[in-house]
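Okay, coords-v1.txt is below, compact mmCIF, C-alpha atoms:
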```
# COMPACT_ATOMS: atom_id res chain seq x y z
CA MET A 1 -13.77 23.36 23.21
CA LYS A 2 -11.75 22.10 26.14
CA ILE A 3 -11.06 18.38 25.69
CA ALA A 4 -9.69 15.79 28.12
CA ILE A 5 -7.87 12.79 26.69
CA LEU A 6 -7.62 9.91 29.13
CA GLY A 7 -4.43 7.94 28.55
CA GLY A 8 -1.08 8.90 27.07
CA GLY A 9 -0.42 5.90 24.84
CA PHE A 10 -0.18 6.22 21.07
CA SER A 11 -3.97 6.56 20.72
CA GLY A 12 -4.09 9.43 23.17
CA LEU A 13 -1.02 11.13 21.71
CA ALA A 14 -2.28 10.92 18.13
CA CYS A 15 -5.69 12.20 19.20
CA ALA A 16 -4.12 15.10 21.09
CA PHE A 17 -1.90 16.05 18.13
CA ASP A 18 -4.84 16.34 15.74
CA ALA A 19 -7.45 17.71 18.15
CA SER A 20 -5.13 20.49 19.30
CA ASN A 21 -5.43 22.07 15.86
CA LYS A 22 -8.91 23.26 16.85
CA HIS A 23 -9.31 22.74 20.58
CA ASP A 24 -7.71 23.24 23.97
CA VAL A 25 -6.44 19.75 24.86
CA VAL A 26 -5.39 18.19 28.17
CA VAL A 27 -3.83 14.70 28.34
CA TYR A 28 -3.91 12.61 31.52
CA GLU A 29 -1.50 9.70 31.95
CA ARG A 30 -1.27 7.57 35.08
CA SER A 31 2.36 6.54 34.47
CA SER A 32 5.43 8.74 34.81
CA VAL A 33 6.13 8.31 31.08
CA LEU A 34 4.01 8.54 27.95
CA GLY A 35 3.68 5.80 25.34
CA GLY A 36 1.71 3.09 27.11
CA LEU A 37 2.77 -0.42 26.15
CA ALA A 38 5.33 0.97 23.70
CA SER A 39 7.25 3.00 26.28
CA GLY A 40 10.87 2.12 26.84
CA PHE A 41 13.40 2.01 29.64
CA PHE A 42 17.14 2.61 29.77
CA GLN A 43 20.30 1.21 31.32
CA PRO A 44 23.46 3.28 31.85
CA HIS A 45 25.57 1.18 29.46
CA TRP A 46 22.97 1.32 26.66
CA GLU A 47 22.95 3.91 23.90
CA TRP A 48 19.25 3.36 23.13
CA PRO A 49 16.30 2.58 25.41
CA VAL A 50 14.34 -0.59 24.69
CA GLU A 51 10.64 -1.38 24.95
CA ARG A 52 9.26 -3.28 27.92
CA ALA A 53 7.64 -5.66 25.46
CA TYR A 54 8.67 -6.52 21.90
CA HIS A 55 7.68 -4.00 19.24
CA HIS A 56 8.14 -3.68 15.51
CA LEU A 57 6.27 -2.22 12.55
CA PHE A 58 5.19 -3.75 9.26
CA ALA A 59 6.06 -2.15 5.95
CA ASN A 60 2.35 -1.44 5.32
CA ASP A 61 1.76 0.31 8.68
CA THR A 62 0.83 3.50 6.89
CA ASP A 63 -1.03 5.12 9.79
CA ILE A 64 1.99 5.42 12.05
CA ILE A 65 4.31 6.15 9.12
CA ASN A 66 2.08 9.07 8.07
CA PHE A 67 1.74 10.23 11.66
CA ALA A 68 5.54 10.30 12.02
CA ARG A 69 5.75 12.40 8.86
CA ASP A 70 3.07 14.78 10.12
CA THR A 71 4.94 15.32 13.38
CA GLY A 72 8.24 15.86 11.57
CA PHE A 73 9.83 12.59 12.69
CA ASN A 74 12.03 10.69 10.24
CA GLY A 75 13.53 7.97 12.44
CA ILE A 76 11.61 4.94 11.15
CA TYR A 77 13.69 2.44 9.19
CA PHE A 78 13.04 -1.02 7.75
CA SER A 79 15.02 -4.24 7.39
CA THR A 80 14.37 -7.90 6.67
CA PRO A 81 15.27 -10.00 9.72
CA THR A 82 14.92 -13.78 9.77
CA THR A 83 11.70 -15.18 11.23
CA ALA A 84 10.88 -18.85 11.74
CA SER A 85 8.80 -21.40 13.63
CA LEU A 86 10.12 -24.17 15.85
CA PHE A 87 8.62 -27.66 15.54
CA GLU A 88 9.30 -30.86 17.42
CA VAL A 89 9.69 -33.97 15.25
CA SER A 90 10.56 -37.37 16.74
CA GLY A 91 11.78 -35.69 19.91
CA LYS A 92 14.06 -33.28 18.06
CA TYR A 93 13.58 -29.55 17.54
CA GLU A 94 13.91 -27.97 14.14
CA THR A 95 13.32 -24.43 12.93
CA THR A 96 11.60 -23.65 9.63
CA PRO A 97 10.94 -20.30 7.93
CA PHE A 98 7.38 -19.61 6.74
CA ASP A 99 7.75 -16.36 4.85
CA THR A 100 7.03 -17.48 1.27
CA PRO A 101 4.95 -20.07 -0.60
CA ALA A 102 8.23 -21.87 -1.34
CA ASP A 103 8.82 -22.29 2.41
CA LEU A 104 5.48 -24.07 2.72
CA LEU A 105 6.16 -26.31 -0.26
CA ARG A 106 9.54 -27.28 1.20
CA PHE A 107 8.06 -28.11 4.60
CA ARG A 108 8.56 -31.86 4.90
CA HIS A 109 5.99 -32.65 7.57
CA LEU A 110 2.90 -32.12 5.40
CA ASP A 111 1.78 -34.28 2.50
CA VAL A 112 1.45 -32.75 -0.96
CA LEU A 113 -2.35 -32.46 -0.86
CA SER A 114 -2.28 -30.69 2.53
CA LYS A 115 0.36 -28.28 1.22
CA LEU A 116 -1.69 -27.43 -1.86
CA ARG A 117 -4.88 -26.90 0.15
CA THR A 118 -3.04 -24.76 2.68
CA ALA A 119 -1.29 -22.71 -0.01
CA THR A 120 -4.62 -22.02 -1.72
CA ILE A 121 -6.27 -20.77 1.47
CA LEU A 122 -3.26 -18.68 2.49
CA ALA A 123 -3.28 -16.99 -0.93
CA ALA A 124 -6.99 -16.16 -0.47
CA LEU A 125 -6.33 -14.74 3.00
CA LYS A 126 -3.36 -12.70 1.86
CA LEU A 127 -4.98 -11.22 -1.22
CA GLY A 128 -8.68 -11.22 -0.37
CA PRO A 129 -10.92 -9.11 1.89
CA ASN A 130 -12.35 -9.94 5.30
CA ILE A 131 -15.51 -11.71 4.08
CA PRO A 132 -18.53 -12.28 6.37
CA ILE A 133 -17.94 -16.01 6.78
CA TYR A 134 -14.74 -15.24 8.72
CA GLU A 135 -16.85 -13.64 11.46
CA ARG A 136 -19.27 -16.55 11.59
CA MET A 137 -16.71 -19.32 12.00
CA GLY A 138 -13.83 -19.99 14.33
CA ALA A 139 -10.37 -20.33 12.80
CA HIS A 140 -10.17 -23.94 13.97
CA GLU A 141 -13.39 -24.90 12.22
CA PHE A 142 -12.63 -22.98 9.03
CA MET A 143 -9.04 -24.12 8.62
CA THR A 144 -9.84 -27.73 9.46
CA LYS A 145 -12.56 -27.82 6.81
CA THR A 146 -10.55 -26.05 4.13
CA THR A 147 -6.93 -27.13 4.68
CA GLY A 148 -7.49 -30.38 6.54
CA GLU A 149 -7.05 -31.68 10.09
CA ARG A 150 -3.36 -32.46 9.61
CA SER A 151 -2.53 -28.94 8.47
CA TRP A 152 -4.34 -27.45 11.46
CA ASN A 153 -2.65 -29.79 13.93
CA ILE A 154 0.85 -29.15 12.64
CA LEU A 155 0.84 -25.52 11.49
CA TRP A 156 -1.80 -23.68 13.48
CA GLU A 157 -2.92 -25.41 16.66
CA GLN A 158 0.08 -24.49 18.79
CA LEU A 159 0.18 -20.91 17.50
CA PHE A 160 -3.40 -20.46 18.70
CA ARG A 161 -2.87 -22.47 21.89
CA LYS A 162 0.18 -20.42 22.89
CA LYS A 163 -1.60 -17.13 22.24
CA PHE A 164 -5.11 -17.91 23.49
CA GLY A 165 -4.72 -20.91 25.79
CA LYS A 166 -7.90 -22.90 26.42
CA TYR A 167 -9.85 -20.46 24.24
CA ALA A 168 -7.89 -21.35 21.08
CA GLU A 169 -10.77 -23.15 19.34
CA ASN A 170 -13.13 -20.21 19.93
CA ILE A 171 -11.10 -17.50 18.17
CA LEU A 172 -12.75 -16.11 15.04
CA MET A 173 -11.34 -16.76 11.59
CA SER A 174 -11.29 -13.00 11.01
CA PHE A 175 -8.34 -12.80 13.42
CA LEU A 176 -6.29 -15.26 11.35
CA TRP A 177 -7.30 -13.44 8.16
CA ALA A 178 -5.94 -10.19 9.62
CA ARG A 179 -2.65 -11.80 10.69
CA ILE A 180 -2.01 -13.31 7.25
CA HIS A 181 -3.37 -10.32 5.32
CA LYS A 182 -1.32 -7.77 7.23
CA ARG A 183 2.03 -9.47 7.68
CA THR A 184 5.06 -8.31 5.69
CA LYS A 185 8.58 -9.69 5.54
CA ARG A 186 10.08 -6.20 5.91
CA LEU A 187 9.85 -4.97 9.50
CA GLY A 188 10.35 -1.50 10.90
CA TYR A 189 11.94 -0.05 14.00
CA ILE A 190 12.71 3.40 15.42
CA ARG A 191 16.21 4.85 15.56
CA GLY A 192 16.69 5.31 19.27
CA GLY A 193 13.81 2.99 20.14
CA PHE A 194 10.09 3.73 20.31
CA GLN A 195 10.67 5.95 23.35
CA THR A 196 12.62 8.35 21.11
CA PHE A 197 9.54 8.74 18.91
CA ILE A 198 7.34 9.15 21.98
CA ASN A 199 9.62 11.90 23.30
CA HIS A 200 9.46 13.61 19.91
CA ILE A 201 5.65 13.54 19.99
CA GLU A 202 5.65 14.94 23.52
CA LYS A 203 7.77 17.87 22.40
CA ALA A 204 5.49 18.45 19.40
CA LEU A 205 2.47 18.49 21.74
CA ASN A 206 4.18 20.94 24.05
CA ASP A 207 4.85 23.17 21.05
CA LYS A 208 1.13 22.99 20.24
CA LYS A 209 0.29 24.05 23.81
CA VAL A 210 -1.22 20.71 24.78
CA HIS A 211 -1.29 20.29 28.56
CA ILE A 212 0.24 16.94 29.56
CA ASN A 213 -0.30 15.62 33.08
CA LYS A 214 1.73 12.54 34.05
CA LYS A 215 1.43 10.58 37.29
CA THR A 216 -2.23 11.53 37.17
CA GLN A 217 -5.14 9.20 37.81
CA ILE A 218 -8.71 9.91 36.76
CA LEU A 219 -10.84 8.84 39.72
CA SER A 220 -14.28 9.48 38.27
CA ILE A 221 -16.18 11.49 35.70
CA LYS A 222 -19.60 13.05 36.11
CA GLN A 223 -21.76 15.35 34.04
CA ASN A 224 -23.19 18.60 35.33
CA ARG A 225 -25.29 20.93 33.15
CA GLY A 226 -23.76 19.67 29.95
CA GLU A 227 -20.17 19.86 31.19
CA TYR A 228 -18.02 16.94 32.22
CA GLU A 229 -16.40 17.05 35.64
CA ALA A 230 -13.25 14.97 36.00
CA PHE A 231 -12.11 14.16 39.54
CA ILE A 232 -8.35 13.79 39.46
CA ASP A 233 -5.56 12.55 41.71
CA GLN A 234 -2.23 14.08 40.69
CA SER A 235 0.65 12.92 42.90
CA GLY A 236 -1.66 12.84 45.91
CA GLN A 237 -3.34 16.16 45.16
CA ARG A 238 -7.05 15.78 44.40
CA THR A 239 -8.66 18.33 42.10
CA LYS A 240 -11.65 18.74 39.81
CA GLU A 241 -11.54 19.96 36.21
CA LYS A 242 -14.34 20.76 33.76
CA PHE A 243 -14.38 19.81 30.08
CA ASP A 244 -16.65 20.12 27.06
CA ALA A 245 -15.62 16.74 25.61
CA ILE A 246 -13.72 13.64 26.65
CA VAL A 247 -11.88 10.96 24.68
CA SER A 248 -11.09 7.82 26.67
CA THR A 249 -8.31 5.52 25.56
CA LEU A 250 -8.48 3.60 28.84
CA PRO A 251 -8.70 -0.22 28.72
CA SER A 252 -12.28 -1.46 28.53
CA PRO A 253 -12.25 -3.02 32.05
CA ILE A 254 -11.08 0.30 33.54
CA LEU A 255 -13.61 2.59 31.87
CA PRO A 256 -16.66 1.42 33.89
CA LYS A 257 -14.83 2.14 37.15
CA VAL A 258 -14.25 5.75 36.10
CA THR A 259 -17.66 6.39 34.53
CA LYS A 260 -20.08 4.48 36.77
CA SER A 261 -21.73 7.79 37.71
CA LEU A 262 -22.01 8.82 34.06
CA PHE A 263 -23.31 5.86 32.03
CA ASP A 264 -26.18 3.53 32.81
CA GLY A 265 -25.71 -0.11 33.72
CA ASP A 266 -26.77 -1.48 30.36
CA TYR A 267 -24.00 0.36 28.55
CA LEU A 268 -21.30 -0.37 31.12
CA GLY A 269 -22.42 -3.99 31.33
CA ARG A 270 -21.10 -4.54 27.81
CA PHE A 271 -17.55 -4.02 29.00
CA SER A 272 -17.81 -6.66 31.74
CA LYS A 273 -18.55 -9.29 29.09
CA LEU A 274 -15.26 -8.77 27.28
CA ARG A 275 -12.54 -11.25 28.22
CA TYR A 276 -8.76 -10.88 28.14
CA LEU A 277 -5.46 -12.60 28.68
CA ASN A 278 -2.53 -10.82 30.28
CA ALA A 279 0.96 -10.37 28.83
CA LEU A 280 4.14 -11.51 30.52
CA ALA A 281 7.43 -10.53 28.90
CA LEU A 282 10.85 -11.60 30.12
CA LEU A 283 13.78 -9.61 28.72
CA LEU A 284 17.26 -11.13 29.00
CA GLU A 285 20.53 -9.31 28.43
CA THR A 286 23.18 -11.92 27.62
CA LYS A 287 26.77 -12.08 26.47
CA GLN A 288 25.85 -14.22 23.44
CA PRO A 289 22.54 -14.34 21.54
CA ILE A 290 19.90 -16.82 22.68
CA LEU A 291 19.18 -17.46 18.98
CA ASP A 292 22.04 -17.41 16.49
CA ASP A 293 20.44 -15.80 13.44
CA ILE A 294 16.68 -15.65 13.98
CA TYR A 295 14.88 -12.51 15.16
CA TRP A 296 11.42 -13.96 15.73
CA LEU A 297 10.81 -17.61 16.62
CA ASN A 298 7.29 -18.96 17.13
CA ILE A 299 7.29 -21.96 19.46
CA CYS A 300 5.03 -24.59 17.84
CA THR A 301 5.42 -27.46 20.27
CA PRO A 302 3.60 -28.04 23.58
CA SER A 303 6.79 -29.42 25.15
CA ILE A 304 8.32 -25.91 25.43
CA PRO A 305 6.32 -23.66 27.81
CA MET A 306 6.77 -20.36 26.01
CA MET A 307 4.99 -18.62 23.13
CA LEU A 308 7.88 -16.95 21.34
CA ILE A 309 11.46 -15.82 21.51
CA GLY A 310 12.29 -12.43 20.05
CA GLN A 311 16.05 -11.94 19.66
CA HIS A 312 15.95 -8.15 19.56
CA THR A 313 19.62 -7.83 18.70
CA ASN A 314 19.19 -9.96 15.58
CA PHE A 315 16.90 -7.11 14.45
CA VAL A 316 18.58 -4.06 16.02
CA ASP A 317 22.38 -3.79 16.21
CA LYS A 318 23.83 -4.87 19.56
CA LYS A 319 26.17 -1.85 19.53
CA HIS A 320 23.24 0.20 20.84
CA TYR A 321 23.11 -1.99 23.98
CA GLY A 322 26.72 -2.00 25.07
CA GLY A 323 27.64 -4.82 22.71
CA ASN A 324 25.39 -7.26 24.58
CA HIS A 325 22.40 -9.18 23.27
CA LEU A 326 18.74 -8.61 24.20
CA SER A 327 16.05 -11.25 23.79
CA TYR A 328 12.38 -11.37 24.75
CA ILE A 329 10.42 -14.41 25.88
CA GLY A 330 6.70 -13.77 25.62
CA TYR A 331 3.45 -15.21 26.93
CA TYR A 332 -0.26 -14.47 27.10
CA LEU A 333 -1.67 -15.87 30.32
CA GLU A 334 -4.69 -15.92 32.56
CA ALA A 335 -4.22 -14.09 35.84
CA SER A 336 -4.38 -17.42 37.71
CA ASP A 337 -1.49 -18.98 35.76
CA PRO A 338 1.40 -19.97 38.07
CA LEU A 339 3.89 -18.19 35.82
CA VAL A 340 2.28 -14.85 36.71
CA SER A 341 3.15 -15.22 40.40
CA MET A 342 6.69 -16.50 39.79
CA LYS A 343 9.58 -14.28 40.73
CA LYS A 344 11.81 -13.32 37.81
CA GLU A 345 14.60 -15.61 39.01
CA GLU A 346 12.21 -18.56 39.33
CA LEU A 347 10.95 -17.97 35.80
CA ILE A 348 14.46 -17.90 34.37
CA LYS A 349 15.40 -21.09 36.22
CA ALA A 350 12.33 -22.85 34.85
CA LEU A 351 12.91 -21.69 31.26
CA TRP A 352 16.66 -21.92 30.83
CA PRO A 353 16.79 -25.71 30.25
CA TYR A 354 14.45 -25.22 27.27
CA LEU A 355 16.63 -22.45 25.88
CA GLU A 356 19.58 -24.86 26.05
CA LYS A 357 17.58 -27.45 24.11
CA ILE A 358 16.63 -24.92 21.43
CA ASN A 359 20.24 -23.76 21.12
CA PRO A 360 22.92 -25.87 22.87
CA LYS A 361 25.27 -22.86 22.81
CA ASN A 362 23.20 -21.41 25.64
CA LYS A 363 24.87 -23.88 28.02
CA GLU A 364 27.86 -21.53 27.89
CA ASN A 365 25.84 -18.33 27.68
CA LYS A 366 25.66 -15.88 30.57
CA ILE A 367 22.78 -13.72 31.70
CA LEU A 368 24.08 -10.26 32.55
CA LYS A 369 20.77 -8.60 33.43
CA SER A 370 17.11 -9.59 33.33
CA PHE A 371 13.81 -7.73 33.44
CA SER A 372 10.20 -8.87 33.58
CA PHE A 373 7.05 -6.95 32.72
CA TYR A 374 3.40 -7.77 33.26
CA GLY A 375 0.65 -6.19 31.17
CA PRO A 376 -2.99 -6.67 32.19
CA TYR A 377 -5.76 -6.80 29.55
CA ALA A 378 -3.10 -7.16 26.83
CA GLN A 379 -4.89 -9.69 24.60
CA PRO A 380 -8.66 -9.55 24.04
CA LEU A 381 -10.31 -12.84 23.19
CA PHE A 382 -11.72 -12.43 19.69
CA GLU A 383 -14.66 -14.78 20.14
CA LYS A 384 -18.12 -14.38 18.65
CA ASP A 385 -19.40 -12.53 21.72
CA PHE A 386 -16.58 -10.01 21.35
CA LEU A 387 -18.30 -8.63 18.25
CA LYS A 388 -21.45 -7.87 20.24
CA TYR A 389 -19.76 -6.05 23.08
CA LYS A 390 -16.62 -4.37 21.72
CA PRO A 391 -16.54 -0.58 22.18
CA ASP A 392 -17.55 1.97 19.55
CA PHE A 393 -16.19 5.49 19.14
CA VAL A 394 -19.53 7.10 19.92
CA THR A 395 -21.09 6.54 23.35
CA PRO A 396 -24.59 7.30 24.69
CA LYS A 397 -23.28 10.61 26.06
CA LYS A 398 -22.76 13.49 23.66
CA ASN A 399 -19.10 14.50 23.25
CA PHE A 400 -17.79 11.46 25.11
CA TYR A 401 -15.78 9.17 22.83
CA VAL A 402 -13.89 5.90 23.23
CA ALA A 403 -10.76 4.94 21.29
CA ASN A 404 -9.07 1.98 22.94
CA LEU A 405 -7.09 -0.95 21.62
CA ASP A 406 -10.00 -3.40 21.67
CA MET A 407 -11.20 -1.49 18.63
CA THR A 408 -8.23 -2.63 16.51
CA TYR A 409 -10.21 -5.83 15.82
CA PRO A 410 -9.72 -7.91 13.72
CA TYR A 411 -6.09 -6.80 13.71
CA ASP A 412 -3.73 -7.53 16.56
CA ARG A 413 -3.02 -4.65 18.90
CA GLY A 414 -0.12 -2.42 17.94
CA THR A 415 1.08 1.15 17.61
CA ASN A 416 -0.10 1.51 14.01
CA TYR A 417 -3.74 0.90 14.86
CA ALA A 418 -3.45 2.85 18.09
CA VAL A 419 -2.51 5.89 16.00
CA LYS A 420 -5.37 5.22 13.60
CA LEU A 421 -7.92 5.04 16.44
CA GLY A 422 -6.64 8.26 18.00
CA ARG A 423 -6.82 10.20 14.76
CA ILE A 424 -10.35 8.95 14.03
CA ALA A 425 -11.44 10.03 17.53
CA ALA A 426 -9.92 13.47 16.98
CA SER A 427 -11.94 13.86 13.76
CA LEU A 428 -15.16 13.22 15.73
CA VAL A 429 -14.58 15.81 18.44
```
If you took the structure in this file and wrote it as structure tokens, what would it be?
Amino acid sequence: MKIAILGGGFSGLACAFDASNKHDVVVYERSSVLGGLASGFFQPHWEWPVERAYHHLFANDTDIINFARDTGFNGIYFSTPTTASLFEVSGKYETTPFDTPADLLRFRHLDVLSKLRTATILAALKLGPNIPIYERMGAHEFMTKTTGERSWNILWEQLFRKKFGKYAENILMSFLWARIHKRTKRLGYIRGGFQTFINHIEKALNDKKVHINKKTQILSIKQNRGEYEAFIDQSGQRTKEKFDAIVSTLPSPILPKVTKSLFDGDYLGRFSKLRYLNALALLLETKQPILDDIYWLNICTPSIPMMLIGQHTNFVDKKHYGGNHLSYIGYYLEASDPLVSMKKEELIKALWPYLEKINPKNKENKILKSFSFYGPYAQPLFEKDFLKYKPDFVTPKKNFYVANLDMTYPYDRGTNYAVKLGRIAASLV
């Protein structure tokens, strides 16, 4: 069969790698590079490219680890960087690690009973399965009832508020289960950055005679006598191609625009009921690190208007970036949020005073370069209605499949699950 794969992120690449064992495969990617949200960019004084938004792997990300092995790639390595959360107590900021039960027991802002209740629930989440009650209750309701109001207010409320905004109380408990259940202290990265792995996969696909079309937009898809007709814009040239099967890895809000002539309104209407927040990532290249020792810092106070700081060069050696330091500042925002429309320079000016409060050494620090990236539909809202409308692999049309990142639920989006989705889709074709 001749198969079209829509989207050249990790889902599309993994699907193409497996499906090409039996079929003639064509990949369409709108961007000039493959890799989707994991793609990287380069500066002349850097040895390695870096991702537009923060990326790492967990030690138990077996899907992408196995995929790397299958493609002949051996550049994944693991280390144990420092992670912590920042709290505000009596007007002062303090950072606290939360990697072990001992960290929780040492945390001085919870009473003994709250610590014991919280430790018991965290152990159940870490070791136990995703039980049905987690999909019937919001995390706020469940954790308040089981660990107490004080534990929720101090440990969890700001994590949910920073990630989901005004929807924080609506997010299902299954999402928190997945975050606790999945997390590992050991984190993985790619020698040469994720783009190096993406380039390796592209070469492997070329060797397997997969046709890769970049800078190509799928305008619409129709069906004619059992075949799919894809109407394509490639660098201004409009063409039509025919396929026996299609796998779409396009974001859920984009799929209805492409397939409105293919699927009926009832099916496409499901996608319009899914809701998302958008990602905004600011990447700073500085002479000194923004954070001294910490790689990942969750911001757990409403007085600092950012979700996290990821000091990339406390995870990956600065020698790969000209001896300078790289740090991410991340958000999930609604499209109407004023931060979205800010110019990069305005955003830095608004945030820098907070970075000085977190680490007074930043008063003497110097920004050498800065970059900002905006990602639409980056964070689905895992509310109860999400379960009713999220996509499935199989669609009402024979040989038309969906494998997009909404389907990683209850796990957070990431390259590991993108690979898993792509390989499952390939097994269905």
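With all atoms listed in the file as the atoms that count, the minimum distance from Thr62 in chain A to the choices A:Ala403, A:Asn21, A:Gly188, A:Ala4 is reached by A:Gly188.
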Practice item. Find the spatial neighbours of Leu187 in chain A, counting all atoms listed in the file, within a cut-off of 6 Å - ignore same-chain residues fewer than 2 positions away - and output them as a VMD selection string. Key: chain A and resid 57 to 59 78 to 79
Write the selection just made, keeping C-alpha atoms, as a compact mmCIF listing (two decimals), keeping the file's coordinate frame?
```txt
# COMPACT_ATOMS: atom_id res chain seq x y z
CA LEU A 57 6.27 -2.22 12.55
CA PHE A 58 5.19 -3.75 9.26
CA ALA A 59 6.06 -2.15 5.95
CA PHE A 78 13.04 -1.02 7.75
CA SER A 79 15.02 -4.24 7.39
```
**Study point:** Distance query Glu241 in chain A at most 12 Å, only C-alpha atoms, self and fewer than 2 positions along chain excluded, as JSON, numbers by chain
**Key:** {"A": [2, 3, 4, 26, 28, 218, 219, 220, 221, 222, 223, 224, 227, 228, 229, 230, 231, 232, 233, 234, 238, 239, 243, 244, 245, 246]}
Please, could you write that set of residues out with C-alpha atoms as a PDB file, keeping the file's coordinate frame?
```
ATOM      1  CA  LYS A   2     -11.750  22.100  26.140  1.00  0.00           C
ATOM      2  CA  ILE A   3     -11.060  18.380  25.690  1.00  0.00           C
ATOM      3  CA  ALA A   4      -9.690  15.790  28.120  1.00  0.00           C
ATOM      4  CA  VAL A  26      -5.390  18.190  28.170  1.00  0.00           C
ATOM      5  CA  TYR A  28      -3.910  12.610  31.520  1.00  0.00           C
ATOM      6  CA  ILE A 218      -8.710   9.910  36.760  1.00  0.00           C
ATOM      7  CA  LEU A 219     -10.840   8.840  39.720  1.00  0.00           C
ATOM      8  CA  SER A 220     -14.280   9.480  38.270  1.00  0.00           C
ATOM      9  CA  ILE A 221     -16.180  11.490  35.700  1.00  0.00           C
ATOM     10  CA  LYS A 222     -19.600  13.050  36.110  1.00  0.00           C
ATOM     11  CA  GLN A 223     -21.760  15.350  34.040  1.00  0.00           C
ATOM     12  CA  ASN A 224     -23.190  18.600  35.330  1.00  0.00           C
ATOM     13  CA  GLU A 227     -20.170  19.860  31.190  1.00  0.00           C
ATOM     14  CA  TYR A 228     -18.020  16.940  32.220  1.00  0.00           C
ATOM     15  CA  GLU A 229     -16.400  17.050  35.640  1.00  0.00           C
ATOM     16  CA  ALA A 230     -13.250  14.970  36.000  1.00  0.00           C
ATOM     17  CA  PHE A 231     -12.110  14.160  39.540  1.00  0.00           C
ATOM     18  CA  ILE A 232      -8.350  13.790  39.460  1.00  0.00           C
ATOM     19  CA  ASP A 233      -5.560  12.550  41.710  1.00  0.00           C
ATOM     20  CA  GLN A 234      -2.230  14.080  40.690  1.00  0.00           C
ATOM     21  CA  ARG A 238      -7.050  15.780  44.400  1.00  0.00           C
ATOM     22  CA  THR A 239      -8.660  18.330  42.100  1.00  0.00           C
ATOM     23  CA  PHE A 243     -14.380  19.810  30.080  1.00  0.00           C
ATOM     24  CA  ASP A 244     -16.650  20.120  27.060  1.00  0.00           C
ATOM     25  CA  ALA A 245     -15.620  16.740  25.610  1.00  0.00           C
ATOM     26  CA  ILE A 246     -13.720  13.640  26.650  1.00  0.00           C
TER      27      ILE A 246
END
```
Revision key, fill the gap. note - CA of Phe400 in chain A and CA of Ile65 in chain A are separated by 27.8 Å
Exercise for review: Find the residue from A:Pro302, A:Gly75, A:Gly323, A:Pro81 that sits nearest to Trp46 in chain A; use only C-alpha atoms when measuring.
Suggested key: A:Gly323
Study note, to complete from the structure: Here CA of Asp264 in chain A and CA of Tyr401 in chain A stand apart by 15.5 Å
Could you list, as an mmCIF file with C-alpha atoms, in the frame of the given file, every residue within 12 Å of range 348-356 of chain A, counting only C-alpha atoms and ignoring same-chain residues fewer than 2 positions away?
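Final output, saved to part-v8.cif:
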```cif
data_model
loop_
_atom_site.group_PDB
_atom_site.id
_atom_site.type_symbol
_atom_site.label_atom_id
_atom_site.label_comp_id
_atom_site.auth_asym_id
_atom_site.auth_seq_id
_atom_site.Cartn_x
_atom_site.Cartn_y
_atom_site.Cartn_z
ATOM 1 C CA TYR A 93 13.580 -29.550 17.540
ATOM 2 C CA ALA A 281 7.430 -10.530 28.900
ATOM 3 C CA LEU A 282 10.850 -11.600 30.120
ATOM 4 C CA LEU A 283 13.780 -9.610 28.720
ATOM 5 C CA LEU A 284 17.260 -11.130 29.000
ATOM 6 C CA PRO A 289 22.540 -14.340 21.540
ATOM 7 C CA ILE A 290 19.900 -16.820 22.680
ATOM 8 C CA LEU A 291 19.180 -17.460 18.980
ATOM 9 C CA ASP A 292 22.040 -17.410 16.490
ATOM 10 C CA LEU A 297 10.810 -17.610 16.620
ATOM 11 C CA ILE A 299 7.290 -21.960 19.460
ATOM 12 C CA THR A 301 5.420 -27.460 20.270
ATOM 13 C CA PRO A 302 3.600 -28.040 23.580
ATOM 14 C CA SER A 303 6.790 -29.420 25.150
ATOM 15 C CA ILE A 304 8.320 -25.910 25.430
ATOM 16 C CA PRO A 305 6.320 -23.660 27.810
ATOM 17 C CA MET A 306 6.770 -20.360 26.010
ATOM 18 C CA MET A 307 4.990 -18.620 23.130
ATOM 19 C CA LEU A 308 7.880 -16.950 21.340
ATOM 20 C CA ILE A 309 11.460 -15.820 21.510
ATOM 21 C CA SER A 327 16.050 -11.250 23.790
ATOM 22 C CA TYR A 328 12.380 -11.370 24.750
ATOM 23 C CA ILE A 329 10.420 -14.410 25.880
ATOM 24 C CA GLY A 330 6.700 -13.770 25.620
ATOM 25 C CA PRO A 338 1.400 -19.970 38.070
ATOM 26 C CA LEU A 339 3.890 -18.190 35.820
ATOM 27 C CA MET A 342 6.690 -16.500 39.790
ATOM 28 C CA LYS A 343 9.580 -14.280 40.730
ATOM 29 C CA LYS A 344 11.810 -13.320 37.810
ATOM 30 C CA GLU A 345 14.600 -15.610 39.010
ATOM 31 C CA GLU A 346 12.210 -18.560 39.330
ATOM 32 C CA ILE A 358 16.630 -24.920 21.430
ATOM 33 C CA ASN A 359 20.240 -23.760 21.120
ATOM 34 C CA PRO A 360 22.920 -25.870 22.870
ATOM 35 C CA LYS A 361 25.270 -22.860 22.810
ATOM 36 C CA ASN A 362 23.200 -21.410 25.640
ATOM 37 C CA LYS A 363 24.870 -23.880 28.020
ATOM 38 C CA GLU A 364 27.860 -21.530 27.890
ATOM 39 C CA ASN A 365 25.840 -18.330 27.680
ATOM 40 C CA LYS A 366 25.660 -15.880 30.570
ATOM 41 C CA ILE A 367 22.780 -13.720 31.700
ATOM 42 C CA LYS A 369 20.770 -8.600 33.430
ATOM 43 C CA SER A 370 17.110 -9.590 33.330
ATOM 44 C CA PHE A 371 13.810 -7.730 33.440
ATOM 45 C CA SER A 372 10.200 -8.870 33.580
#
```
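Counting from CA of Asp412 in chain A, the distance to CA of Asp293 in chain A is 25.7 Å.
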